[in-house]
Amino acid sequence: MKKINALGKPCPIPVIEAKKAIREIQSIGGTVEILVDNEVAVKNIEKMTTGLGLKTTHETLDLDEILIEITVPNGQEQNRPEDTASEVVIAFGRKTMGDGDPDLGEVLLKSYIYSLTELDTPPEHLLFFNSGAFLTNQQSSVLNDLKVLLEKGTQISTCGACLDFYQLKETLAIGEITNMYGITEVMAQAKKVINF
């Protein structure tokens, strides 16, 4: 059994430490126990383990401690990037398209996201970080088009640290919250990444 104390550690550190522990015991199997202090870490770890096909349970010990238990079967092989490659991932690191006049940039980006809804094959994943986090907010001018893409199967993820920085977490209107490790992993596994 591997035990990890991730109390006080911000994401993506608990996810990275959990993944390292899984790698260390995957040939012999066993259990990884990781102690965290926030629900975001729980969700991110569970998302990672679901992708690896591992059983995960958690229990709240008190208001500040949550114990996550990951069961790793003997000989468990993790999904390799080539096995889970996404087709197209689009990363939005800003709330406008291109340099120049910001009003024009907003119009261009709105038109671009609308155009994505008209494609025969929508993008696999949309990532939003830095000021791009404003695009998944309740006041976003592209929210309706993002909902269309979500219905077509596009996954939508916004950086949690960015939502915190811009104080947008309470007004997130679509998709899931992710972290920089999750963003890095999605980009690394993608066949093609388009950056804005």
# chains A, B, ... in the order shown; residues from 1 in each chain; ligands from 1
>>> residues_around(residues="range 170-186 of chain A", least_positions_apart="2", cutoff="8 Å", atoms="only C-alpha atoms", output="JSON, numbers by chain")
{"A": [11, 12, 15, 16, 40, 44, 86, 89, 127, 136, 137, 138, 143, 146, 147, 150, 155, 156, 157, 158, 159, 160, 161, 167, 168, 188, 189, 190]}
>>> residues_around(residues="Gly29 in chain A", least_positions_apart="5", cutoff="12 Å", atoms="only C-alpha atoms", output="ChimeraX atom specification")
/A:1-2,21-24,54,70-77
>>> closest_residue(among="A:Lys3, A:Asn195, A:Gly153, A:His125", to="Thr96 in chain A", atoms="only C-alpha atoms")
A:Asn195
>>> closest_residue(among="A:Ile4, A:Thr154, A:Ile194, A:Leu108", to="Ile68 in chain A", atoms="only C-alpha atoms")
A:Ile4
>>> closest_residue(among="A:Thr50, A:Asn38, A:Thr60, A:Ser131", to="Tyr166 in chain A", atoms="only C-alpha atoms")
A:Ser131
>>> atom_distance(atom1="CA of Ala41 in chain A", atom2="CA of Lys9 in chain A")
9.2 Å
>>> atom_distance(atom1="CA of Val42 in chain A", atom2="CA of Gly30 in chain A")
19.6 Å
>>> atom_distance(atom1="CA of Leu126 in chain A", atom2="CA of Ile90 in chain A")
5.0 Å
>>> select_by_dssp(residues="range 29-191 of chain A", states="helix (DSSP H, G or I)", output="PyMOL selection string")
chain A and resi 39-52+81-83+102-117+130-136+143-151+160-165+169-171+180-189
>>> residues_around(residues="Ala6 in chain A", least_positions_apart="3", cutoff="7 Å", atoms="only C-alpha atoms", output="PDB file with all heavy atoms, in the first residue's frame")
ATOM      1  N   LYS A   9      -1.760  20.842  -0.522  1.00  0.00           N
ATOM      2  CA  LYS A   9      -1.100  20.912  -1.829  1.00  0.00           C
ATOM      3  C   LYS A   9      -2.133  21.221  -2.919  1.00  0.00           C
ATOM      4  O   LYS A   9      -3.127  20.520  -3.042  1.00  0.00           O
ATOM      5  CB  LYS A   9      -0.391  19.598  -2.137  1.00  0.00           C
ATOM      6  CG  LYS A   9       0.750  19.304  -1.171  1.00  0.00           C
ATOM      7  CD  LYS A   9       1.463  18.021  -1.529  1.00  0.00           C
ATOM      8  CE  LYS A   9       2.608  17.749  -0.552  1.00  0.00           C
ATOM      9  NZ  LYS A   9       3.302  16.478  -0.865  1.00  0.00           N
ATOM     10  N   PRO A  14      -1.676  16.833  -6.171  1.00  0.00           N
ATOM     11  CA  PRO A  14      -2.233  15.546  -5.723  1.00  0.00           C
ATOM     12  C   PRO A  14      -2.444  14.550  -6.865  1.00  0.00           C
ATOM     13  O   PRO A  14      -2.212  13.345  -6.690  1.00  0.00           O
ATOM     14  CB  PRO A  14      -3.573  15.957  -5.092  1.00  0.00           C
ATOM     15  CG  PRO A  14      -3.377  17.371  -4.670  1.00  0.00           C
ATOM     16  CD  PRO A  14      -2.511  17.971  -5.743  1.00  0.00           C
ATOM     17  N   ILE A  34      -4.616   8.411  -0.678  1.00  0.00           N
ATOM     18  CA  ILE A  34      -4.147   9.788  -0.756  1.00  0.00           C
ATOM     19  C   ILE A  34      -5.082  10.687   0.034  1.00  0.00           C
ATOM     20  O   ILE A  34      -6.298  10.633  -0.138  1.00  0.00           O
ATOM     21  CB  ILE A  34      -3.977  10.240  -2.223  1.00  0.00           C
ATOM     22  CG1 ILE A  34      -3.488  11.684  -2.284  1.00  0.00           C
ATOM     23  CG2 ILE A  34      -5.249  10.064  -3.024  1.00  0.00           C
ATOM     24  CD1 ILE A  34      -2.924  12.074  -3.639  1.00  0.00           C
ATOM     25  N   LEU A  35      -4.501  11.481   0.901  1.00  0.00           N
ATOM     26  CA  LEU A  35      -5.255  12.381   1.773  1.00  0.00           C
ATOM     27  C   LEU A  35      -5.222  13.782   1.171  1.00  0.00           C
ATOM     28  O   LEU A  35      -4.150  14.331   0.914  1.00  0.00           O
ATOM     29  CB  LEU A  35      -4.621  12.393   3.169  1.00  0.00           C
ATOM     30  CG  LEU A  35      -5.463  12.818   4.355  1.00  0.00           C
ATOM     31  CD1 LEU A  35      -6.705  11.948   4.502  1.00  0.00           C
ATOM     32  CD2 LEU A  35      -4.629  12.776   5.632  1.00  0.00           C
ATOM     33  N   VAL A  36      -6.410  14.350   0.899  1.00  0.00           N
ATOM     34  CA  VAL A  36      -6.511  15.688   0.318  1.00  0.00           C
ATOM     35  C   VAL A  36      -7.455  16.536   1.167  1.00  0.00           C
ATOM     36  O   VAL A  36      -8.126  16.022   2.068  1.00  0.00           O
ATOM     37  CB  VAL A  36      -7.005  15.642  -1.150  1.00  0.00           C
ATOM     38  CG1 VAL A  36      -6.043  14.856  -2.023  1.00  0.00           C
ATOM     39  CG2 VAL A  36      -8.407  15.052  -1.249  1.00  0.00           C
TER      40      VAL A  36
END
>>> select_by_dssp(residues="chain A", states="strand (DSSP E)", output="compact mmCIF listing (two decimals) with all heavy atoms, in the first residue's frame")
# COMPACT_ATOMS: atom_id res chain seq x y z
N LYS A 2 0.49 2.21 -0.83
CA LYS A 2 1.18 3.50 -0.87
C LYS A 2 0.29 4.53 -0.21
O LYS A 2 -0.90 4.63 -0.52
CB LYS A 2 1.45 3.92 -2.31
CG LYS A 2 2.39 3.00 -3.07
CD LYS A 2 3.84 3.23 -2.74
CE LYS A 2 4.32 4.58 -3.20
NZ LYS A 2 5.76 4.79 -2.95
N LYS A 3 0.85 5.32 0.69
CA LYS A 3 0.10 6.38 1.37
C LYS A 3 0.71 7.73 1.01
O LYS A 3 1.93 7.90 1.07
CB LYS A 3 0.11 6.17 2.88
CG LYS A 3 -0.67 4.95 3.33
CD LYS A 3 -0.83 4.91 4.84
CE LYS A 3 -1.70 3.75 5.27
NZ LYS A 3 -1.95 3.75 6.73
N ILE A 4 -0.15 8.66 0.64
CA ILE A 4 0.29 9.99 0.24
C ILE A 4 -0.47 11.03 1.05
O ILE A 4 -1.69 10.99 1.12
CB ILE A 4 0.04 10.24 -1.26
CG1 ILE A 4 0.76 9.20 -2.11
CG2 ILE A 4 0.47 11.65 -1.66
CD1 ILE A 4 0.30 9.17 -3.55
N ASN A 5 0.26 11.96 1.63
CA ASN A 5 -0.36 13.08 2.33
C ASN A 5 -0.26 14.30 1.42
O ASN A 5 0.80 14.88 1.25
CB ASN A 5 0.34 13.34 3.66
CG ASN A 5 -0.35 14.43 4.47
OD1 ASN A 5 -1.15 15.21 3.95
ND2 ASN A 5 -0.05 14.49 5.75
N GLY A 30 -2.07 -3.38 -5.77
CA GLY A 30 -2.18 -2.90 -4.40
C GLY A 30 -3.13 -1.72 -4.31
O GLY A 30 -3.98 -1.51 -5.17
N THR A 31 -2.93 -0.94 -3.27
CA THR A 31 -3.82 0.19 -2.99
C THR A 31 -3.00 1.46 -2.80
O THR A 31 -1.94 1.43 -2.19
CB THR A 31 -4.65 -0.07 -1.71
OG1 THR A 31 -5.38 -1.28 -1.88
CG2 THR A 31 -5.63 1.05 -1.45
N VAL A 32 -3.54 2.55 -3.33
CA VAL A 32 -2.96 3.87 -3.09
C VAL A 32 -3.96 4.66 -2.27
O VAL A 32 -5.13 4.78 -2.65
CB VAL A 32 -2.66 4.61 -4.41
CG1 VAL A 32 -2.18 6.04 -4.12
CG2 VAL A 32 -1.64 3.86 -5.25
N GLU A 33 -3.52 5.17 -1.13
CA GLU A 33 -4.36 6.04 -0.30
C GLU A 33 -3.77 7.44 -0.35
O GLU A 33 -2.58 7.63 -0.10
CB GLU A 33 -4.41 5.55 1.15
CG GLU A 33 -5.25 4.30 1.34
CD GLU A 33 -5.43 3.96 2.82
OE1 GLU A 33 -4.78 4.60 3.67
OE2 GLU A 33 -6.21 3.04 3.11
N ILE A 34 -4.62 8.41 -0.68
CA ILE A 34 -4.15 9.79 -0.76
C ILE A 34 -5.08 10.69 0.03
O ILE A 34 -6.30 10.63 -0.14
CB ILE A 34 -3.98 10.24 -2.22
CG1 ILE A 34 -3.49 11.68 -2.28
CG2 ILE A 34 -5.25 10.06 -3.02
CD1 ILE A 34 -2.92 12.07 -3.64
N LEU A 35 -4.50 11.48 0.90
CA LEU A 35 -5.26 12.38 1.77
C LEU A 35 -5.22 13.78 1.17
O LEU A 35 -4.15 14.33 0.91
CB LEU A 35 -4.62 12.39 3.17
CG LEU A 35 -5.46 12.82 4.35
CD1 LEU A 35 -6.71 11.95 4.50
CD2 LEU A 35 -4.63 12.78 5.63
N VAL A 36 -6.41 14.35 0.90
CA VAL A 36 -6.51 15.69 0.32
C VAL A 36 -7.45 16.54 1.17
O VAL A 36 -8.13 16.02 2.07
CB VAL A 36 -7.00 15.64 -1.15
CG1 VAL A 36 -6.04 14.86 -2.02
CG2 VAL A 36 -8.41 15.05 -1.25
N LYS A 55 -10.60 1.45 -10.00
CA LYS A 55 -11.68 1.69 -9.05
C LYS A 55 -11.19 2.65 -7.97
O LYS A 55 -10.12 2.47 -7.40
CB LYS A 55 -12.12 0.36 -8.42
CG LYS A 55 -13.26 0.53 -7.43
CD LYS A 55 -13.62 -0.80 -6.79
CE LYS A 55 -14.70 -0.60 -5.73
NZ LYS A 55 -15.01 -1.83 -5.01
N THR A 56 -12.02 3.67 -7.71
CA THR A 56 -11.66 4.69 -6.72
C THR A 56 -12.84 4.95 -5.79
O THR A 56 -13.98 5.07 -6.25
CB THR A 56 -11.26 6.01 -7.42
OG1 THR A 56 -10.23 5.73 -8.36
CG2 THR A 56 -10.75 7.02 -6.43
N THR A 57 -12.56 5.03 -4.50
CA THR A 57 -13.57 5.41 -3.53
C THR A 57 -13.00 6.54 -2.67
O THR A 57 -11.77 6.71 -2.61
CB THR A 57 -13.97 4.24 -2.62
OG1 THR A 57 -12.81 3.76 -1.93
CG2 THR A 57 -14.58 3.10 -3.43
N HIS A 58 -13.88 7.30 -2.03
CA HIS A 58 -13.38 8.32 -1.11
C HIS A 58 -14.36 8.49 0.05
O HIS A 58 -15.54 8.20 -0.08
CB HIS A 58 -13.15 9.66 -1.83
CG HIS A 58 -14.40 10.37 -2.24
ND1 HIS A 58 -15.03 10.15 -3.46
CD2 HIS A 58 -15.18 11.28 -1.60
CE1 HIS A 58 -16.10 10.91 -3.54
NE2 HIS A 58 -16.22 11.61 -2.43
N GLU A 59 -13.81 8.93 1.18
CA GLU A 59 -14.64 9.21 2.34
C GLU A 59 -14.13 10.48 3.03
O GLU A 59 -12.94 10.75 3.05
CB GLU A 59 -14.64 8.04 3.33
CG GLU A 59 -13.30 7.75 3.97
CD GLU A 59 -13.39 6.68 5.05
OE1 GLU A 59 -14.21 6.84 5.97
OE2 GLU A 59 -12.63 5.70 4.97
N THR A 60 -15.07 11.24 3.55
CA THR A 60 -14.72 12.48 4.26
C THR A 60 -14.45 12.13 5.71
O THR A 60 -15.31 11.60 6.41
CB THR A 60 -15.88 13.49 4.16
OG1 THR A 60 -16.15 13.75 2.78
CG2 THR A 60 -15.51 14.79 4.86
N LEU A 61 -13.22 12.42 6.15
CA LEU A 61 -12.83 12.13 7.53
C LEU A 61 -13.27 13.25 8.46
O LEU A 61 -13.73 13.01 9.56
CB LEU A 61 -11.32 11.92 7.61
CG LEU A 61 -10.75 10.84 6.68
CD1 LEU A 61 -9.25 10.73 6.85
CD2 LEU A 61 -11.41 9.49 6.95
N ASP A 62 -13.09 14.48 8.03
CA ASP A 62 -13.64 15.64 8.73
C ASP A 62 -13.76 16.76 7.70
O ASP A 62 -13.59 16.53 6.51
CB ASP A 62 -12.78 16.05 9.94
CG ASP A 62 -11.36 16.43 9.55
OD1 ASP A 62 -11.18 17.08 8.50
OD2 ASP A 62 -10.43 16.11 10.32
N GLU A 65 -10.41 17.05 5.64
CA GLU A 65 -9.66 15.89 5.16
C GLU A 65 -10.56 14.90 4.43
O GLU A 65 -11.61 14.51 4.94
CB GLU A 65 -8.94 15.18 6.32
CG GLU A 65 -7.86 16.02 6.96
CD GLU A 65 -7.09 15.25 8.02
OE1 GLU A 65 -7.35 14.04 8.21
OE2 GLU A 65 -6.22 15.86 8.68
N ILE A 66 -10.13 14.50 3.24
CA ILE A 66 -10.84 13.49 2.46
C ILE A 66 -9.83 12.41 2.08
O ILE A 66 -8.75 12.72 1.55
CB ILE A 66 -11.45 14.10 1.18
CG1 ILE A 66 -12.36 15.29 1.53
CG2 ILE A 66 -12.23 13.05 0.39
CD1 ILE A 66 -12.76 16.14 0.35
N LEU A 67 -10.17 11.17 2.37
CA LEU A 67 -9.28 10.05 2.05
C LEU A 67 -9.77 9.37 0.78
O LEU A 67 -10.91 8.92 0.69
CB LEU A 67 -9.27 9.03 3.20
CG LEU A 67 -8.37 7.81 2.99
CD1 LEU A 67 -6.90 8.22 2.91
CD2 LEU A 67 -8.59 6.79 4.09
N ILE A 68 -8.89 9.33 -0.22
CA ILE A 68 -9.20 8.68 -1.50
C ILE A 68 -8.43 7.37 -1.55
O ILE A 68 -7.23 7.32 -1.25
CB ILE A 68 -8.76 9.57 -2.69
CG1 ILE A 68 -9.43 10.95 -2.59
CG2 ILE A 68 -9.09 8.90 -4.01
CD1 ILE A 68 -8.84 11.97 -3.53
N GLU A 69 -9.13 6.29 -1.93
CA GLU A 69 -8.49 4.98 -2.05
C GLU A 69 -8.60 4.50 -3.49
O GLU A 69 -9.69 4.41 -4.06
CB GLU A 69 -9.15 3.99 -1.11
CG GLU A 69 -8.45 2.63 -1.08
CD GLU A 69 -9.03 1.71 -0.02
OE1 GLU A 69 -8.86 1.98 1.17
OE2 GLU A 69 -9.68 0.71 -0.43
N ILE A 70 -7.45 4.20 -4.07
CA ILE A 70 -7.38 3.74 -5.46
C ILE A 70 -6.92 2.29 -5.47
O ILE A 70 -5.86 1.97 -4.91
CB ILE A 70 -6.39 4.60 -6.28
CG1 ILE A 70 -6.76 6.08 -6.18
CG2 ILE A 70 -6.33 4.14 -7.74
CD1 ILE A 70 -5.66 7.02 -6.65
N THR A 71 -7.70 1.41 -6.09
CA THR A 71 -7.34 0.01 -6.18
C THR A 71 -6.65 -0.26 -7.52
O THR A 71 -7.22 0.00 -8.58
CB THR A 71 -8.59 -0.89 -6.05
OG1 THR A 71 -9.26 -0.58 -4.82
CG2 THR A 71 -8.21 -2.37 -6.08
N VAL A 72 -5.42 -0.78 -7.43
CA VAL A 72 -4.62 -1.05 -8.64
C VAL A 72 -4.45 -2.56 -8.77
O VAL A 72 -3.74 -3.18 -7.99
CB VAL A 72 -3.23 -0.36 -8.56
CG1 VAL A 72 -2.46 -0.59 -9.86
CG2 VAL A 72 -3.38 1.12 -8.26
N SER A 86 -6.82 12.04 -28.88
CA SER A 86 -7.96 12.82 -29.34
C SER A 86 -7.66 13.29 -30.75
O SER A 86 -6.52 13.41 -31.16
CB SER A 86 -8.17 14.02 -28.42
OG SER A 86 -8.40 13.61 -27.10
N GLU A 87 -8.70 13.60 -31.49
CA GLU A 87 -8.51 14.10 -32.85
C GLU A 87 -8.02 15.54 -32.83
O GLU A 87 -6.88 15.81 -33.16
CB GLU A 87 -9.82 13.98 -33.62
CG GLU A 87 -10.25 12.54 -33.87
CD GLU A 87 -9.29 11.77 -34.75
OE1 GLU A 87 -8.69 12.36 -35.66
OE2 GLU A 87 -9.11 10.57 -34.50
N VAL A 88 -8.88 16.47 -32.44
CA VAL A 88 -8.51 17.89 -32.43
C VAL A 88 -8.86 18.50 -31.08
O VAL A 88 -9.98 18.36 -30.59
CB VAL A 88 -9.25 18.67 -33.55
CG1 VAL A 88 -8.91 20.16 -33.47
CG2 VAL A 88 -8.89 18.12 -34.92
N VAL A 89 -7.89 19.18 -30.50
CA VAL A 89 -8.08 19.92 -29.25
C VAL A 89 -7.82 21.39 -29.55
O VAL A 89 -6.84 21.73 -30.21
CB VAL A 89 -7.11 19.41 -28.16
CG1 VAL A 89 -7.14 20.34 -26.95
CG2 VAL A 89 -7.45 17.99 -27.75
N ILE A 90 -8.72 22.26 -29.09
CA ILE A 90 -8.54 23.69 -29.29
C ILE A 90 -8.37 24.33 -27.92
O ILE A 90 -9.19 24.14 -27.02
CB ILE A 90 -9.73 24.32 -30.03
CG1 ILE A 90 -9.94 23.60 -31.37
CG2 ILE A 90 -9.46 25.81 -30.29
CD1 ILE A 90 -11.14 24.08 -32.16
N ALA A 91 -7.27 25.09 -27.76
CA ALA A 91 -6.94 25.72 -26.48
C ALA A 91 -7.13 27.22 -26.59
O ALA A 91 -6.52 27.88 -27.44
CB ALA A 91 -5.50 25.39 -26.10
N PHE A 92 -7.99 27.75 -25.73
CA PHE A 92 -8.28 29.18 -25.71
C PHE A 92 -7.60 29.82 -24.50
O PHE A 92 -8.09 29.70 -23.38
CB PHE A 92 -9.80 29.43 -25.64
CG PHE A 92 -10.55 28.94 -26.85
CD1 PHE A 92 -11.03 27.63 -26.91
CD2 PHE A 92 -10.76 29.77 -27.94
CE1 PHE A 92 -11.73 27.17 -28.02
CE2 PHE A 92 -11.45 29.33 -29.05
CZ PHE A 92 -11.93 28.02 -29.09
N HIS A 125 -12.14 18.32 -27.91
CA HIS A 125 -11.99 18.94 -26.59
C HIS A 125 -11.69 20.42 -26.76
O HIS A 125 -10.89 20.81 -27.62
CB HIS A 125 -10.82 18.26 -25.85
CG HIS A 125 -10.95 18.29 -24.36
ND1 HIS A 125 -10.68 17.19 -23.59
CD2 HIS A 125 -11.28 19.27 -23.49
CE1 HIS A 125 -10.87 17.50 -22.31
NE2 HIS A 125 -11.23 18.77 -22.24
N LEU A 126 -12.31 21.26 -25.94
CA LEU A 126 -11.99 22.68 -25.86
C LEU A 126 -11.42 22.96 -24.47
O LEU A 126 -12.02 22.58 -23.47
CB LEU A 126 -13.22 23.56 -26.09
CG LEU A 126 -13.99 23.40 -27.41
CD1 LEU A 126 -15.15 24.39 -27.46
CD2 LEU A 126 -13.07 23.61 -28.60
N LEU A 127 -10.27 23.62 -24.44
CA LEU A 127 -9.62 23.97 -23.18
C LEU A 127 -9.63 25.49 -23.02
O LEU A 127 -9.31 26.22 -23.97
CB LEU A 127 -8.17 23.47 -23.17
CG LEU A 127 -7.96 21.97 -23.33
CD1 LEU A 127 -6.48 21.66 -23.56
CD2 LEU A 127 -8.48 21.22 -22.11
N PHE A 128 -9.96 25.97 -21.83
CA PHE A 128 -10.01 27.40 -21.57
C PHE A 128 -9.13 27.73 -20.37
O PHE A 128 -9.28 27.12 -19.31
CB PHE A 128 -11.45 27.84 -21.31
CG PHE A 128 -12.36 27.64 -22.49
CD1 PHE A 128 -13.04 26.44 -22.66
CD2 PHE A 128 -12.53 28.64 -23.43
CE1 PHE A 128 -13.87 26.24 -23.76
CE2 PHE A 128 -13.36 28.46 -24.53
CZ PHE A 128 -14.03 27.26 -24.70
N GLN A 155 -15.90 17.92 -25.42
CA GLN A 155 -15.64 18.09 -23.99
C GLN A 155 -15.12 19.51 -23.76
O GLN A 155 -14.31 20.02 -24.54
CB GLN A 155 -14.61 17.06 -23.51
CG GLN A 155 -14.48 16.99 -22.01
CD GLN A 155 -13.67 15.80 -21.55
OE1 GLN A 155 -13.41 14.87 -22.31
NE2 GLN A 155 -13.24 15.82 -20.31
N ILE A 156 -15.58 20.14 -22.70
CA ILE A 156 -15.22 21.53 -22.40
C ILE A 156 -14.63 21.58 -20.99
O ILE A 156 -15.27 21.16 -20.03
CB ILE A 156 -16.45 22.46 -22.51
CG1 ILE A 156 -16.94 22.47 -23.96
CG2 ILE A 156 -16.11 23.86 -22.03
CD1 ILE A 156 -18.24 23.22 -24.17
N SER A 157 -13.40 22.11 -20.89
CA SER A 157 -12.72 22.16 -19.59
C SER A 157 -12.11 23.54 -19.37
O SER A 157 -11.51 24.11 -20.29
CB SER A 157 -11.61 21.11 -19.52
OG SER A 157 -12.11 19.82 -19.76
N THR A 158 -12.25 24.06 -18.16
CA THR A 158 -11.71 25.37 -17.82
C THR A 158 -10.75 25.23 -16.63
O THR A 158 -11.02 24.51 -15.68
CB THR A 158 -12.83 26.36 -17.45
OG1 THR A 158 -13.77 26.41 -18.53
CG2 THR A 158 -12.28 27.76 -17.21
N CYS A 159 -9.64 25.93 -16.72
CA CYS A 159 -8.60 25.91 -15.67
C CYS A 159 -9.14 26.44 -14.36
O CYS A 159 -9.61 27.58 -14.28
CB CYS A 159 -7.41 26.74 -16.16
SG CYS A 159 -6.23 27.19 -14.88
N GLU A 176 -16.44 21.38 -17.31
CA GLU A 176 -15.86 20.95 -16.05
C GLU A 176 -14.66 21.81 -15.70
O GLU A 176 -14.10 22.50 -16.55
CB GLU A 176 -15.42 19.49 -16.16
CG GLU A 176 -14.32 19.28 -17.19
CD GLU A 176 -13.90 17.83 -17.31
OE1 GLU A 176 -14.49 16.97 -16.65
OE2 GLU A 176 -12.96 17.58 -18.07
N ILE A 177 -14.27 21.74 -14.45
CA ILE A 177 -13.07 22.42 -13.98
C ILE A 177 -11.90 21.45 -14.07
O ILE A 177 -12.01 20.29 -13.67
CB ILE A 177 -13.25 22.91 -12.53
CG1 ILE A 177 -14.37 23.95 -12.47
CG2 ILE A 177 -11.94 23.51 -12.00
CD1 ILE A 177 -14.72 24.40 -11.06
N THR A 178 -10.79 21.92 -14.62
CA THR A 178 -9.60 21.07 -14.73
C THR A 178 -8.42 21.81 -14.11
O THR A 178 -8.57 22.85 -13.48
CB THR A 178 -9.32 20.70 -16.20
OG1 THR A 178 -8.28 19.72 -16.25
CG2 THR A 178 -8.92 21.92 -17.02
N ALA A 190 -3.35 14.64 -27.77
CA ALA A 190 -4.10 15.05 -28.96
C ALA A 190 -3.30 14.82 -30.24
O ALA A 190 -2.07 14.95 -30.25
CB ALA A 190 -4.49 16.51 -28.85
N LYS A 191 -3.99 14.48 -31.32
CA LYS A 191 -3.33 14.38 -32.61
C LYS A 191 -3.02 15.77 -33.17
O LYS A 191 -2.05 15.96 -33.87
CB LYS A 191 -4.22 13.62 -33.59
CG LYS A 191 -4.34 12.14 -33.28
CD LYS A 191 -5.19 11.43 -34.33
CE LYS A 191 -5.31 9.94 -34.01
NZ LYS A 191 -6.18 9.24 -34.98
N LYS A 192 -3.88 16.74 -32.83
CA LYS A 192 -3.68 18.10 -33.30
C LYS A 192 -4.18 19.08 -32.26
O LYS A 192 -5.28 18.91 -31.72
CB LYS A 192 -4.43 18.31 -34.62
CG LYS A 192 -4.23 19.68 -35.24
CD LYS A 192 -4.94 19.77 -36.57
CE LYS A 192 -4.70 21.10 -37.27
NZ LYS A 192 -5.41 21.18 -38.56
N VAL A 193 -3.37 20.10 -31.94
CA VAL A 193 -3.75 21.14 -30.99
C VAL A 193 -3.74 22.48 -31.70
O VAL A 193 -2.76 22.84 -32.35
CB VAL A 193 -2.80 21.18 -29.77
CG1 VAL A 193 -3.20 22.32 -28.82
CG2 VAL A 193 -2.81 19.85 -29.03
N ILE A 194 -4.84 23.23 -31.58
CA ILE A 194 -4.93 24.59 -32.12
C ILE A 194 -4.95 25.53 -30.93
O ILE A 194 -5.78 25.40 -30.02
CB ILE A 194 -6.20 24.77 -32.96
CG1 ILE A 194 -6.20 23.79 -34.14
CG2 ILE A 194 -6.33 26.21 -33.44
CD1 ILE A 194 -7.50 23.73 -34.91
N ASN A 195 -4.02 26.50 -30.91
CA ASN A 195 -3.91 27.43 -29.80
C ASN A 195 -4.38 28.83 -30.16
O ASN A 195 -4.09 29.32 -31.24
CB ASN A 195 -2.45 27.53 -29.33
CG ASN A 195 -2.01 26.31 -28.57
OD1 ASN A 195 -2.43 26.07 -27.45
ND2 ASN A 195 -1.15 25.50 -29.18
>>> closest_residue(among="A:Leu52, A:Phe196, A:Ser27, A:Lys20", to="Leu109 in chain A", atoms="only C-alpha atoms")
A:Phe196
>>> closest_residue(among="A:Leu7, A:Ile113, A:Ala18, A:Ala133", to="Asp164 in chain A", atoms="only C-alpha atoms")
A:Ala133
